[in-house]
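**Q** Could you have a look at this structure, given as structure tokens, before my questions?
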Amino acid sequence: MDRLGSRCPLPGYLRPSVLICLLILAASFLSCPVLRTLSLQLHSAITSSYVSGTYSIVFVNCPNEQIARDIARYFWNGEIEEATEILLLIKTKTSKVRMLFSYIRLVHPFEIPEVFSLPMDQGDVRYLKWLEEGTGED
């Protein structure tokens, strides 16, 4: 009886081969960039939430200001827009980013301010210590 019980999986349990197939399928799905991107977009649409990695920042080196202006034209409210902007960099603790976003939405004149954050992965140890001291407690 023990041999028979060991060959028949219990109800509700997946056989190991099925589980392995599911893991391989999930790994291949996530490793393919196009499928990963589509799955992130689908998740964002279904949950109405942002998934990290959905958008990117692109830095472009331009030989002069005119080339930068030509590239920087963008579509807004049905028209091609060209505007002068000033980039403000604010360094803070990640735990304070939501509070900072709320403040910026209150004081910024744009209907939809361009505000986002990038986590700092690495940095000069002395600078990061200075930043820690300057940002205070959470």
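All residue names refer to the structure tokens as shown: chains lettered A, B, ... in order, residues numbered from 1 in each chain, ligands numbered from 1 in order.
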Show me a table, sorted first by chain and then by increasing residue number, of the residues of region 20-60 of chain A having an atom at most 12 Å from region 70-93 of chain A, each with its shortest atom pair and the distance in Å to one decimal, counting only C-alpha atoms and written as CSV.
**A**
```
residue,atom,partner,partner_atom,distance
A:Val58,CA,A:Ala72,CA,11.7
A:Phe59,CA,A:Ala72,CA,11.6
A:Val60,CA,A:Ile71,CA,9.3
```
**Q** Any chance you could list, as JSON, numbers by chain, the residues in chain A that come up helix (DSSP H, G or I) when DSSP is run on the backbone?
**A** {"A": [2, 3, 4, 5, 6, 7, 16, 17, 18, 19, 20, 21, 22, 23, 24, 25, 26, 27, 28, 29, 30, 31, 33, 34, 35, 36, 37, 38, 39, 40, 41, 42, 43, 44, 45, 46, 47, 65, 66, 67, 68, 69, 70, 71, 72, 94, 95, 96, 97, 98, 99, 100, 101, 102, 103, 104, 105, 106, 107, 125, 126, 127, 128, 129, 130, 131, 132, 133, 134, 135]}
**Q** Would you give me, as a PyMOL selection string, the residues in chain A that DSSP reads as strand (DSSP E)?
**A** chain A and resi 74-76+79-81
**Q** Taking N, CA and C atoms for each residue, export the selection above as a CSV table (one decimal), in the first residue's frame.
**A**
```csv
chain,number,residue,atom,x,y,z
A,74,TYR,N,8.3,68.3,-27.9
A,74,TYR,CA,7.4,67.3,-27.5
A,74,TYR,C,6.0,67.6,-27.8
A,75,PHE,N,5.2,66.6,-27.8
A,75,PHE,CA,3.7,66.7,-28.1
A,75,PHE,C,3.0,66.9,-26.9
A,76,TRP,N,2.2,68.0,-26.8
A,76,TRP,CA,1.4,68.3,-25.6
A,76,TRP,C,0.1,69.0,-26.0
A,79,GLU,N,-0.4,69.8,-29.8
A,79,GLU,CA,0.5,70.6,-30.5
A,79,GLU,C,1.9,70.3,-30.1
A,80,ILE,N,2.8,70.6,-31.1
A,80,ILE,CA,4.3,70.5,-30.8
A,80,ILE,C,4.7,71.6,-29.8
A,81,GLU,N,5.3,71.2,-28.7
A,81,GLU,CA,5.6,72.2,-27.7
A,81,GLU,C,7.2,72.3,-27.6
```
**Q** To one decimal in Å, tell me the separation between CA of Ser117 (chain A) and CA of Thr94 (chain A).
**A**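 Interatomic distance here is 8.5 Å.
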**Q** Between A:Ala45, A:Cys62, A:Val115, A:Leu38, which residue has the minimum interatomic distance to Ser102 (chain A), considering only C-alpha atoms?
**A**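 Going through A:Ala45, A:Cys62, A:Val115, A:Leu38 one by one, the smallest distance to Ser102 (chain A) is for A:Val115.
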**Q** Do you have the CA of Gly123 (chain A)-CA of Leu100 (chain A) distance handy?
**A**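 That distance, rounded to one decimal, is 21.8 Å.
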**Q** What does the structure give for the distance between CA of Phe116 (chain A) and CA of Arg98 (chain A), in Å to one decimal?
**A**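 Separation of CA of Phe116 (chain A) and CA of Arg98 (chain A): 9.9 Å.
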